[in-house]
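S.K.: Can you keep this structure in mind? I'll have questions shortly.
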Amino acid sequence: AALDPHAGAKDVAATAKRIAAHPDRRAPRKASRGSSISAKYGAAGARGEAKAGFPHVRRALDTLATTRATGATETQARLDALLTVMSTLQDTELLHAVGPLGLRHVQAGARGVLEAGGTATPAGAEALIAFDNDLHTRAWSPRGSAGLLAGALFLDSLPVK
């Protein structure tokens, strides 16, 4: 976004993809926790997400637009965007904390809310409350998904070209 202040969200994501493709000869040789988890479970991780042009950020942007167009509130649109990311992301933070079974549980819970109609519907709102309570009870946090939502919200705030 700083390279081209007039760039739209998709252009910024494409630029980020090109930047991520460059080899970093000065990157630390020691594996990070995220890269170790990525290697162990075959998850893309942050680097993979960047090299792919942030597909989950783009999905979140699409969900924001679609949900807003239905007349949902901004909070509902943002929650649905987060759930969209959570439903498919191989979140290395969750993999580290709870393993693959826990990750699948979180993905299924997020999909369940969306399949119930999303947070703007009574069934979806009820499913969200149950899912949120479940995550709080287990003390599980989808931090990787939250970071990608933050990226989507940043790109969404850029002026439309």
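Convention: chains lettered A, B, ... in structure tokens order; per-chain residue numbering from 1; ligands numbered from 1 as shown.
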Please give the complete set of residues from stretch 19-144 of chain A that DSSP, run on the backbone, assigns to alpha helix (DSSP H), formatted as a ChimeraX atom specification.

M.R.: /A:19-21,33-41,45-51,55-69,74-88,92-115,122-138,143-144

S.K.: Excluding same-chain residues fewer than 4 positions from stretch 114-122 of chain A, what lies within 10 Å of it counting only C-alpha atoms, as an MDAnalysis selection string?

M.R.: chainID A and resid 67 70:73 75:81 83:84 87 108:110 126:129

S.K.: Restricting the output to N, CA, C and O atoms, write the selected residues as an mmCIF file, in the first residue's frame.

M.R.:
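Result file is again_35.cif:
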data_model
loop_
_atom_site.group_PDB
_atom_site.id
_atom_site.type_symbol
_atom_site.label_atom_id
_atom_site.label_comp_id
_atom_site.auth_asym_id
_atom_site.auth_seq_id
_atom_site.Cartn_x
_atom_site.Cartn_y
_atom_site.Cartn_z
ATOM 1 N N THR A 67 -21.566 -9.954 2.375
ATOM 2 C CA THR A 67 -22.398 -9.841 3.573
ATOM 3 C C THR A 67 -22.950 -8.432 3.724
ATOM 4 O O THR A 67 -24.116 -8.247 4.081
ATOM 5 N N THR A 70 -26.012 -7.782 1.657
ATOM 6 C CA THR A 70 -27.272 -8.378 2.120
ATOM 7 C C THR A 70 -27.953 -7.509 3.171
ATOM 8 O O THR A 70 -29.031 -7.856 3.641
ATOM 9 N N GLY A 71 -27.291 -6.426 3.575
ATOM 10 C CA GLY A 71 -27.868 -5.549 4.586
ATOM 11 C C GLY A 71 -27.437 -5.878 6.003
ATOM 12 O O GLY A 71 -27.947 -5.305 6.960
ATOM 13 N N ALA A 72 -26.484 -6.779 6.138
ATOM 14 C CA ALA A 72 -25.969 -7.120 7.468
ATOM 15 C C ALA A 72 -25.236 -5.929 8.063
ATOM 16 O O ALA A 72 -24.787 -5.031 7.346
ATOM 17 N N THR A 73 -25.093 -5.931 9.376
ATOM 18 C CA THR A 73 -24.327 -4.886 10.038
ATOM 19 C C THR A 73 -22.841 -5.070 9.747
ATOM 20 O O THR A 73 -22.407 -6.140 9.314
ATOM 21 N N THR A 75 -20.513 -5.304 11.960
ATOM 22 C CA THR A 75 -20.022 -6.338 12.879
ATOM 23 C C THR A 75 -20.311 -7.725 12.323
ATOM 24 O O THR A 75 -19.439 -8.606 12.354
ATOM 25 N N GLN A 76 -21.502 -7.936 11.809
ATOM 26 C CA GLN A 76 -21.848 -9.234 11.233
ATOM 27 C C GLN A 76 -20.984 -9.545 10.012
ATOM 28 O O GLN A 76 -20.512 -10.675 9.849
ATOM 29 N N ALA A 77 -20.748 -8.548 9.174
ATOM 30 C CA ALA A 77 -19.893 -8.757 8.002
ATOM 31 C C ALA A 77 -18.483 -9.154 8.427
ATOM 32 O O ALA A 77 -17.884 -10.066 7.853
ATOM 33 N N ARG A 78 -17.967 -8.499 9.441
ATOM 34 C CA ARG A 78 -16.605 -8.800 9.903
ATOM 35 C C ARG A 78 -16.540 -10.173 10.569
ATOM 36 O O ARG A 78 -15.561 -10.905 10.378
ATOM 37 N N LEU A 79 -17.554 -10.520 11.330
ATOM 38 C CA LEU A 79 -17.582 -11.856 11.936
ATOM 39 C C LEU A 79 -17.659 -12.935 10.864
ATOM 40 O O LEU A 79 -16.952 -13.953 10.939
ATOM 41 N N ASP A 80 -18.504 -12.732 9.859
ATOM 42 C CA ASP A 80 -18.593 -13.714 8.781
ATOM 43 C C ASP A 80 -17.274 -13.819 8.018
ATOM 44 O O ASP A 80 -16.879 -14.917 7.598
ATOM 45 N N ALA A 81 -16.578 -12.705 7.843
ATOM 46 C CA ALA A 81 -15.270 -12.739 7.182
ATOM 47 C C ALA A 81 -14.274 -13.534 8.019
ATOM 48 O O ALA A 81 -13.515 -14.358 7.488
ATOM 49 N N LEU A 83 -15.000 -15.908 10.184
ATOM 50 C CA LEU A 83 -15.417 -17.313 10.113
ATOM 51 C C LEU A 83 -15.043 -17.938 8.776
ATOM 52 O O LEU A 83 -14.678 -19.123 8.717
ATOM 53 N N THR A 84 -15.109 -17.160 7.713
ATOM 54 C CA THR A 84 -14.705 -17.656 6.393
ATOM 55 C C THR A 84 -13.238 -18.062 6.418
ATOM 56 O O THR A 84 -12.871 -19.130 5.925
ATOM 57 N N SER A 87 -12.693 -21.180 8.612
ATOM 58 C CA SER A 87 -13.259 -22.426 8.089
ATOM 59 C C SER A 87 -12.303 -23.206 7.194
ATOM 60 O O SER A 87 -12.484 -24.403 6.997
ATOM 61 N N ALA A 108 -14.629 -26.845 11.451
ATOM 62 C CA ALA A 108 -16.010 -27.335 11.355
ATOM 63 C C ALA A 108 -16.969 -26.397 12.090
ATOM 64 O O ALA A 108 -18.081 -26.128 11.604
ATOM 65 N N GLY A 109 -16.563 -25.881 13.234
ATOM 66 C CA GLY A 109 -17.413 -24.945 13.973
ATOM 67 C C GLY A 109 -17.662 -23.664 13.185
ATOM 68 O O GLY A 109 -18.790 -23.163 13.132
ATOM 69 N N ALA A 110 -16.619 -23.155 12.553
ATOM 70 C CA ALA A 110 -16.765 -21.937 11.739
ATOM 71 C C ALA A 110 -17.668 -22.203 10.540
ATOM 72 O O ALA A 110 -18.553 -21.404 10.231
ATOM 73 N N GLU A 126 -27.185 -17.903 16.685
ATOM 74 C CA GLU A 126 -27.228 -18.916 17.743
ATOM 75 C C GLU A 126 -26.042 -19.870 17.634
ATOM 76 O O GLU A 126 -25.413 -20.226 18.632
ATOM 77 N N ALA A 127 -25.714 -20.276 16.406
ATOM 78 C CA ALA A 127 -24.563 -21.150 16.190
ATOM 79 C C ALA A 127 -23.266 -20.454 16.598
ATOM 80 O O ALA A 127 -22.357 -21.085 17.152
ATOM 81 N N LEU A 128 -23.171 -19.152 16.336
ATOM 82 C CA LEU A 128 -21.975 -18.396 16.722
ATOM 83 C C LEU A 128 -21.813 -18.377 18.232
ATOM 84 O O LEU A 128 -20.700 -18.571 18.741
ATOM 85 N N ILE A 129 -22.896 -18.158 18.962
ATOM 86 C CA ILE A 129 -22.817 -18.138 20.430
ATOM 87 C C ILE A 129 -22.325 -19.486 20.939
ATOM 88 O O ILE A 129 -21.427 -19.550 21.798
#

S.K.: Skipping near chain neighbours, those fewer than 2 positions away, what residues fall within 12 Å of A:His96 using only C-alpha atoms, listed as JSON, numbers by chain?

M.R.: {"A": [32, 33, 34, 35, 36, 37, 38, 39, 40, 41, 43, 45, 90, 91, 92, 93, 94, 98, 99, 100, 101, 102, 103, 140, 141, 142, 143, 144]}

S.K.: Put those residues in a file: N, CA and C atoms, as a PDB file, in the first residue's frame.

M.R.:
ATOM      1  N   SER A  32      11.542 -20.970  12.637  1.00  0.00           N
ATOM      2  CA  SER A  32      10.624 -20.367  13.593  1.00  0.00           C
ATOM      3  C   SER A  32       9.618 -21.432  14.032  1.00  0.00           C
ATOM      4  N   ARG A  33       8.851 -21.125  15.065  1.00  0.00           N
ATOM      5  CA  ARG A  33       7.814 -22.064  15.493  1.00  0.00           C
ATOM      6  C   ARG A  33       6.817 -22.287  14.357  1.00  0.00           C
ATOM      7  N   GLY A  34       6.430 -21.202  13.687  1.00  0.00           N
ATOM      8  CA  GLY A  34       5.482 -21.315  12.583  1.00  0.00           C
ATOM      9  C   GLY A  34       6.020 -22.172  11.447  1.00  0.00           C
ATOM     10  N   SER A  35       7.291 -21.968  11.081  1.00  0.00           N
ATOM     11  CA  SER A  35       7.848 -22.760   9.983  1.00  0.00           C
ATOM     12  C   SER A  35       8.014 -24.224  10.388  1.00  0.00           C
ATOM     13  N   SER A  36       8.298 -24.471  11.657  1.00  0.00           N
ATOM     14  CA  SER A  36       8.399 -25.854  12.138  1.00  0.00           C
ATOM     15  C   SER A  36       7.049 -26.550  12.082  1.00  0.00           C
ATOM     16  N   ILE A  37       6.000 -25.846  12.499  1.00  0.00           N
ATOM     17  CA  ILE A  37       4.645 -26.399  12.462  1.00  0.00           C
ATOM     18  C   ILE A  37       4.218 -26.599  11.005  1.00  0.00           C
ATOM     19  N   SER A  38       4.556 -25.654  10.141  1.00  0.00           N
ATOM     20  CA  SER A  38       4.236 -25.783   8.716  1.00  0.00           C
ATOM     21  C   SER A  38       4.867 -27.035   8.140  1.00  0.00           C
ATOM     22  N   ALA A  39       6.133 -27.251   8.464  1.00  0.00           N
ATOM     23  CA  ALA A  39       6.833 -28.428   7.957  1.00  0.00           C
ATOM     24  C   ALA A  39       6.243 -29.717   8.531  1.00  0.00           C
ATOM     25  N   LYS A  40       5.909 -29.709   9.800  1.00  0.00           N
ATOM     26  CA  LYS A  40       5.386 -30.915  10.460  1.00  0.00           C
ATOM     27  C   LYS A  40       4.034 -31.334   9.891  1.00  0.00           C
ATOM     28  N   TYR A  41       3.146 -30.350   9.652  1.00  0.00           N
ATOM     29  CA  TYR A  41       1.776 -30.663   9.250  1.00  0.00           C
ATOM     30  C   TYR A  41       1.468 -30.350   7.783  1.00  0.00           C
ATOM     31  N   ALA A  43       1.194 -27.384   6.494  1.00  0.00           N
ATOM     32  CA  ALA A  43       0.387 -26.167   6.413  1.00  0.00           C
ATOM     33  C   ALA A  43       1.198 -25.073   5.723  1.00  0.00           C
ATOM     34  N   GLY A  45       1.274 -21.823   6.333  1.00  0.00           N
ATOM     35  CA  GLY A  45       1.847 -20.865   7.257  1.00  0.00           C
ATOM     36  C   GLY A  45       1.854 -19.464   6.677  1.00  0.00           C
ATOM     37  N   GLN A  90      -5.276 -23.350   7.464  1.00  0.00           N
ATOM     38  CA  GLN A  90      -4.452 -24.283   8.233  1.00  0.00           C
ATOM     39  C   GLN A  90      -3.650 -23.426   9.224  1.00  0.00           C
ATOM     40  N   ASP A  91      -4.320 -22.980  10.261  1.00  0.00           N
ATOM     41  CA  ASP A  91      -3.790 -22.017  11.224  1.00  0.00           C
ATOM     42  C   ASP A  91      -2.667 -22.670  12.033  1.00  0.00           C
ATOM     43  N   THR A  92      -1.429 -22.221  11.791  1.00  0.00           N
ATOM     44  CA  THR A  92      -0.292 -22.841  12.478  1.00  0.00           C
ATOM     45  C   THR A  92      -0.312 -22.576  13.977  1.00  0.00           C
ATOM     46  N   GLU A  93      -0.907 -21.473  14.403  1.00  0.00           N
ATOM     47  CA  GLU A  93      -1.034 -21.215  15.846  1.00  0.00           C
ATOM     48  C   GLU A  93      -1.933 -22.266  16.492  1.00  0.00           C
ATOM     49  N   LEU A  94      -3.054 -22.561  15.847  1.00  0.00           N
ATOM     50  CA  LEU A  94      -3.944 -23.596  16.374  1.00  0.00           C
ATOM     51  C   LEU A  94      -3.295 -24.972  16.277  1.00  0.00           C
ATOM     52  N   VAL A  98      -3.238 -27.032  19.574  1.00  0.00           N
ATOM     53  CA  VAL A  98      -4.234 -28.098  19.763  1.00  0.00           C
ATOM     54  C   VAL A  98      -4.128 -29.240  18.767  1.00  0.00           C
ATOM     55  N   GLY A  99      -3.204 -29.156  17.820  1.00  0.00           N
ATOM     56  CA  GLY A  99      -3.009 -30.245  16.880  1.00  0.00           C
ATOM     57  C   GLY A  99      -4.054 -30.285  15.779  1.00  0.00           C
ATOM     58  N   PRO A 100      -3.908 -31.256  14.872  1.00  0.00           N
ATOM     59  CA  PRO A 100      -4.790 -31.321  13.716  1.00  0.00           C
ATOM     60  C   PRO A 100      -6.257 -31.593  14.057  1.00  0.00           C
ATOM     61  N   LEU A 101      -6.515 -32.403  15.065  1.00  0.00           N
ATOM     62  CA  LEU A 101      -7.913 -32.672  15.430  1.00  0.00           C
ATOM     63  C   LEU A 101      -8.587 -31.407  15.954  1.00  0.00           C
ATOM     64  N   GLY A 102      -7.879 -30.651  16.756  1.00  0.00           N
ATOM     65  CA  GLY A 102      -8.417 -29.390  17.254  1.00  0.00           C
ATOM     66  C   GLY A 102      -8.649 -28.399  16.136  1.00  0.00           C
ATOM     67  N   LEU A 103      -7.710 -28.329  15.193  1.00  0.00           N
ATOM     68  CA  LEU A 103      -7.869 -27.432  14.045  1.00  0.00           C
ATOM     69  C   LEU A 103      -9.112 -27.810  13.261  1.00  0.00           C
ATOM     70  N   TRP A 140      -9.201 -21.949  23.284  1.00  0.00           N
ATOM     71  CA  TRP A 140      -8.585 -21.989  21.960  1.00  0.00           C
ATOM     72  C   TRP A 140      -8.782 -20.647  21.271  1.00  0.00           C
ATOM     73  N   SER A 141      -7.728 -20.171  20.634  1.00  0.00           N
ATOM     74  CA  SER A 141      -7.776 -18.869  19.972  1.00  0.00           C
ATOM     75  C   SER A 141      -7.259 -18.987  18.543  1.00  0.00           C
ATOM     76  N   PRO A 142      -8.063 -18.601  17.568  1.00  0.00           N
ATOM     77  CA  PRO A 142      -7.631 -18.660  16.159  1.00  0.00           C
ATOM     78  C   PRO A 142      -6.812 -17.430  15.783  1.00  0.00           C
ATOM     79  N   ARG A 143      -5.635 -17.284  16.372  1.00  0.00           N
ATOM     80  CA  ARG A 143      -4.848 -16.067  16.172  1.00  0.00           C
ATOM     81  C   ARG A 143      -4.402 -15.867  14.732  1.00  0.00           C
ATOM     82  N   GLY A 144      -4.090 -16.948  14.032  1.00  0.00           N
ATOM     83  CA  GLY A 144      -3.693 -16.794  12.632  1.00  0.00           C
ATOM     84  C   GLY A 144      -4.829 -16.235  11.791  1.00  0.00           C
TER      85      GLY A 144
END

S.K.: Show me, as a ChimeraX atom specification, the residues that have an atom within 10 Å of A:Ala2 when counting only C-alpha atoms, minus same-chain residues fewer than 4 positions from it.

M.R.: /A:6-7,12

S.K.: Could you save those same residues with N, CA and C atoms as a PDB file, in the first residue's frame?

M.R.:
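Okay, result-v7.pdb is ready:
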ATOM      1  N   HIS A   6      -2.424   4.641  -4.344  1.00  0.00           N
ATOM      2  CA  HIS A   6      -3.683   4.583  -5.090  1.00  0.00           C
ATOM      3  C   HIS A   6      -4.067   3.155  -5.456  1.00  0.00           C
ATOM      4  N   ALA A   7      -3.265   2.186  -5.013  1.00  0.00           N
ATOM      5  CA  ALA A   7      -3.543   0.786  -5.348  1.00  0.00           C
ATOM      6  C   ALA A   7      -4.761   0.292  -4.584  1.00  0.00           C
ATOM      7  N   VAL A  12      -2.642  -4.563  -4.041  1.00  0.00           N
ATOM      8  CA  VAL A  12      -1.734  -4.666  -2.898  1.00  0.00           C
ATOM      9  C   VAL A  12      -1.421  -6.134  -2.610  1.00  0.00           C
TER      10      VAL A  12
END

S.K.: Within 9 Å of A:Arg59, counting only C-alpha atoms, which residues show up once you throw out same-chain ones fewer than 4 positions away? Write them as number ranges by chain, please.

M.R.: A: 54-55, 63-64, 81, 84-85, 152

S.K.: One decimal, in Å: what's the spacing between atom CA of A:Pro159 and atom CA of A:Ala14?

M.R.: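 It comes out at 16.5 Å.
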
S.K.: Can you work out which one of A:Ala125, A:Lys51, A:Ala130, A:Ala44 has the shortest atom-to-atom distance to A:Ala20, counting only C-alpha atoms?

M.R.: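 Answer, going by the shortest atom-to-atom distance: A:Lys51.
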
S.K.: Please measure the separation of atom CA of A:Ala46 and atom CA of A:Asp156, giving the value in Å to one decimal.

M.R.: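 Here the two named atoms are 19.9 Å from each other.
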